[in-house]
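A.B. asks: Handing you a structure now.
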Amino acid sequence: MVSDGVDIRKAAYKLPTDVQEMDGLALQRLGIQHTIWSLMIGGLYPVGVTDQVDNLLKAEPERQPIVLDVGCGSAIWSIGMANNFPHAQVVGFDLNAQKFSDAPKNFRFIQGDLSSTLPEFVGRADIIHCRCVAQHVKDPQALTRLLSATLRPGGLLLLADGDWIVYDQHKKLVEPFKWWESSTTGLEESMALEEDARGRSWYAGWLDFFGNLTRSKEYRPIEELVKNVEELTMLDSSRYLSPINWPGEGIENGKDLGQVLNINQRNFFIGAKDIALRAGLSREMIEIWGRHYVEEIDHGHLYNVWYYVTAQK
Ligand SMILES: C[S@@+](CC[C@H](N)C(=O)[O-])C[C@H]1O[C@@H](n2cnc3c(N)ncnc32)[C@H](O)[C@@H]1O
């Protein structure tokens, strides 16, 4: 069944989609996020599925195996896969138009909503990669069913997503400061606001605010989304923590991650300002928030939280 007749259109993608987001250069936001994922999982996909990937993409090259990058953004992942597996056909899908000047010949891009672009591949894909997309579509469970339907039997699903929660140095949940729930809201009362925030995190508050604003109300953790699809067998479900501006404790590539996360989270604040303005925050409030946000990521010992699920059909 292809999506149970559920419309995953009207996917209100609310994160920044300007040139800065869509450009795949390493210093741009999606480029940086790609670096973060690569550092966390150790490459383009988790080491644990290397054998499955090799079997699917190298065993019968004359079959021209198919790799789909669903909601590919800058297509930095798909282009990496196309370069590494020249016998595979790699296809990137996104709502937004793209130009790829230096993409390899075995890569192509299809623009449009996934509900209408993916069905062409039903039952044919060897590998589907879908990273940081599920929470942005209207019906994440319908999307997961559609991904499963698009895989051929034995095909591999690589499903990844970020969370909007923050952990402290002891890997415990940080309490967000939700100014909008505070009785103090005016700028003239900013001292009182700072008093109010005491013990809670402005950084976690900003993430909480954006999570609620941008994530589908139907969203469930990706592990659950996969478990709810009968034809999929979960291979692994992992949580990754990325330290911000410190190496973290026991974190692989922690030093590099800490530095990259600092740049990424600074960019995120700048990129999200307009959305915050449109959502009704005053410039003054954004300014106060930004000051505390940067202070926390520069000097706190915080982690962001991410999830990666691999499953086979
Ligand atoms: C956060 S970005 C992630 C991009 C990429 N997967 C990565 O990890 O670098 C989410 C992408 O999903 C795309 N997207 C969201 N909803 C979509 C839909 N219904 N159809 C096609 N693309 C969609 C957005 O345009 C955006 O480029």
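Residue numbers start at 1 in each chain; chains themselves are named A, B, ... in the order of the structure tokens; ligands are numbered from 1 in the order shown.
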When the cut-off is 6 Å and you count only C-alpha atoms and all ligand atoms, which residues lie near ligand 1, shown as a ChimeraX atom specification?
C.D. replies: /A:9,11,13,30,34,71-73,94-96,112-114,130-133,136-137
A.B. asks: Could you please determine the separation between atom CA of A:Asp139 and atom CA of A:Thr233 in Å, to one decimal place?
C.D. replies: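 Computed distance, atom CA of A:Asp139 to atom CA of A:Thr233, equals 21.0 Å.
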A.B. asks: Give the answer as one residue: which of A:Ser242, A:Thr50, A:Asn264, A:Ser216 has the shortest atom-to-atom distance to A:Gln141, using only C-alpha atoms?
C.D. replies: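 Smallest separation from A:Gln141 among the options: A:Ser216.
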A.B. asks: Calculated over only C-alpha atoms, which of the candidates A:Thr310, A:Asn304, A:Gln135, A:Ser101 has the smallest distance to A:Thr214?
C.D. replies: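 Using only C-alpha atoms, A:Thr214 sits closest to A:Gln135.
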A.B. asks: Which residues are near A:Leu146? Cut-off 12 Å, only C-alpha atoms, ignore same chain within fewer than 2 positions. Put them as a PyMOL selection string.
C.D. replies: chain A and resi 1-8+70+114-123+125+128+130+134+139-144+148-152+157+225-226+229+231-232
A.B. asks: How about saving the chosen residues, C-alpha atoms kept, as a CSV table (one decimal), in the first residue's frame?
C.D. replies:
```csv
chain,number,residue,atom,x,y,z
A,1,MET,CA,0.0,0.0,0.0
A,2,VAL,CA,1.3,3.4,-0.9
A,3,SER,CA,0.6,5.8,2.0
A,4,ASP,CA,-2.8,4.5,2.9
A,5,GLY,CA,-4.4,7.3,0.9
A,6,VAL,CA,-3.1,9.7,3.5
A,7,ASP,CA,-2.0,13.0,2.1
A,8,ILE,CA,1.5,13.9,3.2
A,70,VAL,CA,14.2,11.7,0.3
A,114,LEU,CA,7.0,13.4,-2.0
A,115,SER,CA,3.4,12.2,-2.3
A,116,SER,CA,3.6,12.7,-6.0
A,117,THR,CA,7.3,12.1,-6.8
A,118,LEU,CA,8.1,8.9,-4.8
A,119,PRO,CA,5.3,6.6,-6.2
A,120,GLU,CA,7.2,6.2,-9.5
A,121,PHE,CA,9.8,4.2,-7.5
A,122,VAL,CA,7.4,1.9,-5.5
A,123,GLY,CA,9.0,-1.5,-4.9
A,125,ALA,CA,14.6,1.2,-4.2
A,128,ILE,CA,16.3,5.0,1.0
A,130,CYS,CA,15.5,10.2,4.8
A,134,ALA,CA,9.9,13.1,8.8
A,139,ASP,CA,1.8,12.8,8.3
A,140,PRO,CA,5.2,11.3,9.3
A,141,GLN,CA,3.6,7.8,9.7
A,142,ALA,CA,2.2,7.9,6.2
A,143,LEU,CA,5.6,9.0,4.9
A,144,THR,CA,7.3,6.0,6.7
A,148,SER,CA,8.7,1.2,3.1
A,149,ALA,CA,6.5,0.7,0.0
A,150,THR,CA,9.2,2.3,-2.1
A,151,LEU,CA,11.8,-0.2,-1.0
A,152,ARG,CA,12.2,-3.5,-2.8
A,157,LEU,CA,15.9,2.2,5.2
A,225,LEU,CA,7.4,5.2,13.1
A,226,VAL,CA,9.4,2.2,11.9
A,229,VAL,CA,5.3,-0.6,9.7
A,231,GLU,CA,7.1,-5.0,6.5
A,232,LEU,CA,10.1,-3.3,8.2
```
